[in-house]
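The data block below is model18.tsv; it holds TSV, C-alpha atoms.
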chain	number	residue	atom	x	y	z
A	1	MET	CA	0.00	0.00	0.00
A	2	SER	CA	1.38	3.41	-0.93
A	3	LYS	CA	2.19	5.93	1.79
A	4	LEU	CA	0.22	8.51	-0.21
A	5	LYS	CA	-2.97	6.43	-0.01
A	6	LEU	CA	-2.60	5.92	3.75
A	7	TYR	CA	-1.92	9.64	4.23
A	8	LYS	CA	-5.05	10.48	2.22
A	9	ILE	CA	-7.21	8.10	4.28
A	10	LYS	CA	-5.91	9.36	7.61
A	11	SER	CA	-6.19	13.00	6.50
A	12	GLU	CA	-9.84	12.48	5.58
A	13	MET	CA	-10.49	10.76	8.92
A	14	ALA	CA	-8.88	13.69	10.76
A	15	LEU	CA	-10.88	16.19	8.69
A	16	ARG	CA	-14.10	14.42	9.61
A	17	LYS	CA	-13.31	14.70	13.33
A	18	ILE	CA	-12.61	18.42	12.97
A	19	GLY	CA	-15.80	18.85	10.95
A	20	ASN	CA	-17.85	17.15	13.66
A	21	LYS	CA	-16.62	19.68	16.23
A	22	PHE	CA	-17.99	22.49	14.10
A	23	GLY	CA	-21.22	20.79	13.13
A	24	VAL	CA	-20.07	19.95	9.60
A	25	ASP	CA	-20.93	16.45	8.40
A	26	VAL	CA	-17.86	15.11	6.57
A	27	LYS	CA	-18.33	11.77	4.82
A	28	MET	CA	-16.51	8.79	6.32
A	29	THR	CA	-13.98	7.06	4.08
A	30	ASP	CA	-14.78	3.54	2.89
A	31	GLU	CA	-11.73	2.31	4.78
A	32	GLU	CA	-12.83	3.90	8.07
A	33	ILE	CA	-16.30	2.38	7.69
A	34	LEU	CA	-14.80	-1.08	7.19
A	35	TYR	CA	-12.48	-0.68	10.16
A	36	LYS	CA	-15.36	0.41	12.41
A	37	GLN	CA	-17.34	-2.65	11.30
A	38	ILE	CA	-14.40	-4.87	12.22
A	39	VAL	CA	-14.09	-3.27	15.66
A	40	HIS	CA	-17.84	-3.29	16.33
A	41	ASN	CA	-18.09	-6.99	15.52
A	42	LYS	CA	-15.08	-7.80	17.72
A	43	ILE	CA	-13.17	-9.49	14.89
A	44	ASP	CA	-10.07	-11.21	16.30
A	45	MET	CA	-9.01	-13.20	13.22
A	46	ILE	CA	-9.06	-12.31	9.52
A	47	PHE	CA	-8.64	-14.82	6.70
A	48	ASP	CA	-7.27	-12.66	3.88
A	49	ILE	CA	-8.04	-14.80	0.80
A	50	GLY	CA	-6.50	-13.43	-2.37
A	51	ALA	CA	-3.96	-11.31	-0.52
A	52	ASN	CA	-1.78	-10.39	-3.50
A	53	THR	CA	1.18	-8.47	-2.01
A	54	GLY	CA	-0.61	-7.64	1.24
A	55	GLN	CA	-2.34	-4.36	0.40
A	56	PHE	CA	-5.46	-5.13	2.43
A	57	GLY	CA	-3.60	-6.47	5.45
A	58	GLU	CA	-1.22	-3.54	5.64
A	59	LEU	CA	-4.09	-1.06	5.45
A	60	ILE	CA	-6.10	-2.74	8.22
A	61	TYR	CA	-3.12	-2.94	10.57
A	62	LYS	CA	-2.14	0.67	9.92
A	63	LEU	CA	-5.70	1.75	10.71
A	64	GLY	CA	-5.32	0.12	14.12
A	65	TYR	CA	-6.34	-3.54	13.89
A	66	LYS	CA	-4.81	-5.52	16.79
A	67	GLY	CA	-6.02	-9.03	16.04
A	68	LYS	CA	-4.53	-11.89	14.04
A	69	MET	CA	-4.54	-12.39	10.29
A	70	TYR	CA	-3.61	-15.20	7.94
A	71	SER	CA	-3.15	-14.21	4.30
A	72	PHE	CA	-3.60	-16.66	1.43
A	73	GLU	CA	-1.85	-15.95	-1.88
A	74	PRO	CA	-1.05	-18.51	-4.60
A	75	LEU	CA	1.33	-16.65	-6.94
A	76	THR	CA	5.05	-16.94	-6.16
A	77	SER	CA	6.06	-13.35	-6.88
A	78	ALA	CA	3.20	-11.74	-4.95
A	79	TYR	CA	3.66	-14.21	-2.08
A	80	GLU	CA	7.31	-13.24	-1.60
A	81	THR	CA	6.36	-9.58	-1.27
A	82	LEU	CA	3.51	-10.51	1.06
A	83	LYS	CA	5.88	-12.36	3.38
A	84	SER	CA	8.21	-9.36	3.51
A	85	THR	CA	5.38	-6.94	4.29
A	86	ALA	CA	3.73	-9.12	6.94
A	87	LYS	CA	6.96	-9.31	8.97
A	88	ASN	CA	6.41	-5.71	10.04
A	89	TYR	CA	3.17	-6.45	11.92
A	90	SER	CA	2.62	-8.57	15.00
A	91	GLY	CA	-0.17	-11.08	14.51
A	92	TRP	CA	-0.02	-11.11	10.70
A	93	ASN	CA	1.20	-14.32	9.07
A	94	PRO	CA	1.14	-15.60	5.50
A	95	ALA	CA	-0.52	-19.01	5.30
A	96	GLU	CA	0.98	-21.72	3.10
A	97	ARG	CA	1.24	-20.42	-0.47
A	98	CYS	CA	-2.02	-21.64	-2.01
A	99	ALA	CA	-5.37	-20.77	-3.51
A	100	ILE	CA	-8.71	-21.42	-1.81
A	101	GLY	CA	-11.42	-23.14	-3.84
A	102	ASP	CA	-13.92	-25.99	-3.89
A	103	LYS	CA	-11.44	-28.89	-4.07
A	104	ASP	CA	-8.06	-29.91	-2.71
A	105	GLU	CA	-6.14	-30.05	-5.97
A	106	GLU	CA	-3.62	-28.34	-8.23
A	107	ILE	CA	-4.99	-25.54	-10.43
A	108	GLU	CA	-3.61	-23.12	-12.98
A	109	ILE	CA	-3.68	-19.38	-12.29
A	110	HIS	CA	-3.58	-16.84	-15.12
A	111	ILE	CA	-1.12	-14.08	-14.19
A	112	SER	CA	-2.20	-10.57	-15.14
A	113	GLU	CA	0.20	-7.77	-15.99
A	114	ASN	CA	-1.00	-5.74	-13.00
A	115	SER	CA	-0.94	-8.86	-10.75
A	116	ILE	CA	-4.13	-7.93	-8.84
A	117	SER	CA	-6.40	-9.16	-11.66
A	118	SER	CA	-4.84	-12.65	-11.79
A	119	SER	CA	-7.44	-15.40	-11.73
A	120	ALA	CA	-8.03	-19.10	-12.20
A	121	LEU	CA	-10.79	-18.13	-14.63
A	122	LYS	CA	-10.59	-16.82	-18.18
A	123	MET	CA	-10.82	-13.03	-18.30
A	124	LEU	CA	-13.56	-11.56	-20.49
A	125	GLU	CA	-13.31	-8.59	-22.84
A	126	GLU	CA	-15.35	-6.31	-20.57
A	127	HIS	CA	-12.61	-6.48	-17.93
A	128	GLU	CA	-9.64	-5.99	-20.22
A	129	ASN	CA	-11.31	-3.05	-21.99
A	130	ALA	CA	-11.83	-1.31	-18.64
A	131	ALA	CA	-8.28	-2.05	-17.43
A	132	PRO	CA	-5.86	-2.82	-20.30
A	133	LYS	CA	-3.00	-3.59	-17.90
A	134	SER	CA	-5.04	-6.45	-16.47
A	135	LYS	CA	-4.36	-8.63	-19.52
A	136	TYR	CA	-2.86	-12.05	-18.89
A	137	ILE	CA	0.86	-12.50	-19.48
A	138	GLY	CA	1.51	-16.00	-18.15
A	139	THR	CA	0.31	-18.90	-15.99
A	140	GLU	CA	1.41	-20.70	-12.84
A	141	LYS	CA	0.29	-24.02	-11.36
A	142	VAL	CA	-0.50	-23.81	-7.64
A	143	LYS	CA	-1.98	-25.84	-4.81
A	144	ALA	CA	-5.61	-25.18	-3.92
A	145	TYR	CA	-7.49	-26.20	-0.78
A	146	ARG	CA	-11.07	-26.03	0.42
A	147	LEU	CA	-11.47	-23.59	3.29
A	148	ASP	CA	-12.95	-26.54	5.18
A	149	THR	CA	-9.60	-28.33	4.87
A	150	VAL	CA	-7.52	-25.54	6.43
A	151	PHE	CA	-9.95	-23.58	8.59
A	152	GLU	CA	-9.22	-25.14	11.97
A	153	LYS	CA	-5.46	-25.09	11.31
A	154	TYR	CA	-5.45	-21.32	10.94
A	155	ALA	CA	-8.44	-20.22	13.04
A	156	GLU	CA	-6.50	-21.03	16.22
A	157	GLY	CA	-9.63	-21.01	18.37
A	158	SER	CA	-10.57	-17.43	17.44
A	159	LYS	CA	-14.10	-16.38	18.42
A	160	ASN	CA	-14.92	-13.91	15.66
A	161	VAL	CA	-13.49	-14.66	12.23
A	162	LEU	CA	-13.81	-12.34	9.24
A	163	VAL	CA	-13.18	-13.89	5.81
A	164	LYS	CA	-12.05	-11.40	3.17
A	165	ILE	CA	-12.33	-12.69	-0.42
A	166	ASP	CA	-10.73	-10.96	-3.39
A	167	THR	CA	-10.32	-13.74	-5.94
A	168	GLN	CA	-11.46	-12.38	-9.31
A	169	GLY	CA	-14.55	-14.45	-10.02
A	170	PHE	CA	-13.66	-17.47	-7.86
A	171	GLU	CA	-16.06	-16.55	-5.04
A	172	GLU	CA	-18.64	-19.29	-5.65
A	173	LYS	CA	-15.99	-22.01	-5.57
A	174	ILE	CA	-14.71	-20.70	-2.23
A	175	PHE	CA	-18.22	-20.83	-0.77
A	176	ASN	CA	-18.72	-24.36	-2.11
A	177	GLY	CA	-15.55	-25.42	-0.31
A	178	SER	CA	-16.59	-23.76	2.98
A	179	ILE	CA	-19.79	-25.62	3.84
A	180	ASN	CA	-18.54	-27.01	7.16
A	181	SER	CA	-16.75	-23.81	8.18
A	182	MET	CA	-19.44	-21.25	7.40
A	183	ASP	CA	-21.21	-21.37	10.78
A	184	LYS	CA	-17.86	-20.53	12.44
A	185	ILE	CA	-17.48	-17.32	10.40
A	186	LYS	CA	-18.72	-14.03	11.87
A	187	GLY	CA	-18.25	-11.78	8.86
A	188	LEU	CA	-17.49	-11.62	5.14
A	189	TYR	CA	-15.82	-8.87	3.14
A	190	LEU	CA	-15.73	-9.64	-0.55
A	191	GLU	CA	-15.61	-8.35	-4.08
A	192	MET	CA	-18.79	-8.92	-6.10
A	193	SER	CA	-19.21	-8.38	-9.84
A	194	LEU	CA	-22.19	-6.55	-11.35
A	195	VAL	CA	-21.28	-7.69	-14.88
A	196	LYS	CA	-19.47	-10.75	-16.18
A	197	LEU	CA	-15.73	-10.13	-16.04
A	198	TYR	CA	-14.50	-13.73	-15.81
A	199	GLU	CA	-15.82	-16.83	-17.54
A	200	GLY	CA	-17.97	-18.97	-15.25
A	201	GLN	CA	-18.31	-16.49	-12.37
A	202	ILE	CA	-21.62	-15.74	-10.66
A	203	LEU	CA	-22.84	-12.17	-10.32
A	204	TYR	CA	-23.87	-9.96	-7.43
A	205	LYS	CA	-27.55	-10.94	-7.14
A	206	GLU	CA	-26.95	-14.69	-6.96
A	207	LEU	CA	-24.00	-14.31	-4.61
A	208	TYR	CA	-25.94	-11.88	-2.38
A	209	GLU	CA	-28.87	-14.29	-2.07
A	210	LYS	CA	-26.48	-17.14	-1.24
A	211	ILE	CA	-24.83	-15.13	1.55
A	212	ILE	CA	-28.13	-13.94	3.03
A	213	SER	CA	-29.42	-17.53	3.07
A	214	LEU	CA	-26.45	-18.46	5.25
A	215	GLY	CA	-27.59	-16.10	8.01
A	216	PHE	CA	-25.61	-12.94	7.21
A	217	GLY	CA	-26.91	-9.40	6.85
A	218	MET	CA	-25.34	-6.74	4.64
A	219	TYR	CA	-23.45	-4.01	6.53
A	220	GLY	CA	-22.05	-1.98	3.65
A	221	ILE	CA	-21.29	-1.72	-0.05
A	222	GLN	CA	-19.07	0.58	-2.16
A	223	PRO	CA	-17.71	0.71	-5.73
A	224	ALA	CA	-14.46	-1.22	-6.21
A	225	PHE	CA	-13.78	-1.37	-9.97
A	226	VAL	CA	-15.17	1.26	-12.32
A	227	ASN	CA	-14.82	1.68	-16.07
A	228	LYS	CA	-13.27	5.15	-16.12
A	229	GLU	CA	-14.44	5.82	-19.68
A	230	THR	CA	-18.13	5.03	-19.15
A	231	GLY	CA	-18.48	5.45	-15.38
A	232	ARG	CA	-20.10	2.04	-15.09
A	233	VAL	CA	-19.43	0.25	-11.80
A	234	LEU	CA	-18.20	-3.25	-12.63
A	235	GLN	CA	-17.42	-4.57	-9.15
A	236	VAL	CA	-18.33	-3.61	-5.59
A	237	ASP	CA	-16.84	-4.44	-2.20
A	238	ALA	CA	-19.48	-5.58	0.32
A	239	THR	CA	-19.43	-6.48	3.99
A	240	PHE	CA	-21.75	-8.99	5.69
A	241	PHE	CA	-21.98	-9.97	9.35
A	242	ARG	CA	-24.12	-12.50	11.15
A	243	GLU	CA	-27.46	-11.07	12.26
Using C-alpha cells, write down the structure that the file contains.
Amino acid sequence: MSKLKLYKIKSEMALRKIGNKFGVDVKMTDEEILYKQIVHNKIDMIFDIGANTGQFGELIYKLGYKGKMYSFEPLTSAYETLKSTAKNYSGWNPAERCAIGDKDEEIEIHISENSISSSALKMLEEHENAAPKSKYIGTEKVKAYRLDTVFEKYAEGSKNVLVKIDTQGFEEKIFNGSINSMDKIKGLYLEMSLVKLYEGQILYKELYEKIISLGFGMYGIQPAFVNKETGRVLQVDATFFRE
C-alpha cells in the first residue's frame, strides 16, 4: 500500500473529526467504515483470501487492527512480497502459499500484468477493456485447498473470524468449499461483480442471495472497480456480518 494512499485516508479521517466539532458532516472514508465494522463486531481473526502483495492487510493494521490475520496468496512473486510486508506487523502471518477453492487439488492461475487481476478463470473482454493492464501475461500451477480443509489449522480457536475474499470471479468455488466452516465465520468482506468479467463467475444478485441464506446481513457496499471511460461500476466491495 502506498504511503500517499494511507496519508489520504488518515487525512480524511482527521478532517471528519474536525468537521464534527464544528457541526459539519464530513463523509466517512470507505476504509474507516470497514475498520469500524471490524471493531464493532469484535473481529479477532481475519482470513485474507486473495492477498496479492498484502495491500489489504497492511491497510487494516495501519488503521489500528490488533487481532490476528492469515493471508492466502497462490502466486510466487506476490507471495514473496507478502511475506516481507507481513513481517512488520505482530499477529499477521502468510498461510501456506495456495489458492482457496472448492477442491483440494492443483490448479492453474492466469497471471495478469497488473498482478491484482490474476485469476483461475478466463478473463472476459469487458474487464480488459476497462483495465488494459489487467491482460494475462503467463500462468502458474499452484496448490488449492477447500477452506474446510484448512480452517481449523489457521483459526487457532478465534471467536470472531472475518473472511475477506478478493479472488477475481472465484467466489462461488470458495463458498462451495466452505460448507462445514461457514457457521464458524462471523463476517465476510468480498468483491462482487455486477457484470461478467471472468468466464464462469456468478454475479452480485446470486452471490448476495447465497450469503443472506447463510444467516448474514449486509453491513455496507461501495464501488471497487469502475470503467473510467463510461463510469459504469463493474465490481463492488461488500461487507456482511451474522445477524
Compile the contact shell of A:Val233 as number ranges by chain: residues with an atom at most 8 Å away, counting all atoms listed in the file, same-chain residues fewer than 4 positions apart removed.
-> A: 194, 223-227
Near-A:Ile107 list (8 Å; all atoms listed in the file; drop same-chain fewer than 6 positions) as a VMD selection string = chain A and resid 120 141 to 144
For the selection just defined, write its residues with C-alpha atoms to a file, as a PDB file, in the coordinates of the input.
ATOM      1  CA  ALA A 120      -8.030 -19.100 -12.200  1.00  0.00           C
ATOM      2  CA  LYS A 141       0.290 -24.020 -11.360  1.00  0.00           C
ATOM      3  CA  VAL A 142      -0.500 -23.810  -7.640  1.00  0.00           C
ATOM      4  CA  LYS A 143      -1.980 -25.840  -4.810  1.00  0.00           C
ATOM      5  CA  ALA A 144      -5.610 -25.180  -3.920  1.00  0.00           C
TER       6      ALA A 144
END
For the atom pair atom CA of A:Ala99 and atom CA of A:Phe72, what is the interatomic distance in Å to one decimal place?
-> 6.7 Å
Up to 9 Å from (-6.1, -8.8, -2.9) in the file's coordinates: name the residues, counting only C-alpha atoms, as a PDB file with C-alpha atoms, keeping the file's coordinate frame.
ATOM      1  CA  ASP A  48      -7.270 -12.660   3.880  1.00  0.00           C
ATOM      2  CA  ILE A  49      -8.040 -14.800   0.800  1.00  0.00           C
ATOM      3  CA  GLY A  50      -6.500 -13.430  -2.370  1.00  0.00           C
ATOM      4  CA  ALA A  51      -3.960 -11.310  -0.520  1.00  0.00           C
ATOM      5  CA  ASN A  52      -1.780 -10.390  -3.500  1.00  0.00           C
ATOM      6  CA  THR A  53       1.180  -8.470  -2.010  1.00  0.00           C
ATOM      7  CA  GLY A  54      -0.610  -7.640   1.240  1.00  0.00           C
ATOM      8  CA  GLN A  55      -2.340  -4.360   0.400  1.00  0.00           C
ATOM      9  CA  PHE A  56      -5.460  -5.130   2.430  1.00  0.00           C
ATOM     10  CA  GLU A  73      -1.850 -15.950  -1.880  1.00  0.00           C
ATOM     11  CA  ILE A 116      -4.130  -7.930  -8.840  1.00  0.00           C
ATOM     12  CA  SER A 117      -6.400  -9.160 -11.660  1.00  0.00           C
ATOM     13  CA  LYS A 164     -12.050 -11.400   3.170  1.00  0.00           C
ATOM     14  CA  ILE A 165     -12.330 -12.690  -0.420  1.00  0.00           C
ATOM     15  CA  ASP A 166     -10.730 -10.960  -3.390  1.00  0.00           C
ATOM     16  CA  THR A 167     -10.320 -13.740  -5.940  1.00  0.00           C
TER      17      THR A 167
END
Atom CA of A:Asn129 to atom CA of A:Gly200: how many Å, to one decimal?
-> 18.5 Å
Name all residues at most 6 Å from A:Asp102 (count all atoms listed in the file; drop same-chain ones fewer than 3 positions away) and give them as a ChimeraX atom specification.
-> /A:146,173-174,176-177
Grab the atom CA of A:Ile185 to atom CA of A:Thr29 distance for me, in Å with one decimal place.
->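 Atom CA of A:Thr29 lies at a distance of 25.4 Å from atom CA of A:Ile185.
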From the set A:Lys68, A:Lys196, A:Lys153, A:His110, which residue has the shortest atom-to-atom contact distance to A:Leu124, counting all atoms listed in the file?
->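 Counting all atoms listed in the file, the residue closest to A:Leu124 is A:Lys196.
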Could you give me, as an MDAnalysis selection string, the residues within 12 Å of A:Thr85, counting all atoms listed in the file and dropping anything in the same chain fewer than 4 positions from it?
-> chainID A and resid 1 51:59 61 71 78:81 89:90 92:94
Top pick for closest residue to A:Gly215, considering A:Arg97, A:Lys186, A:Lys133, A:Arg242 and counting all atoms listed in the file |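 Looking at the shortest contact to A:Gly215, the residue is A:Arg242.
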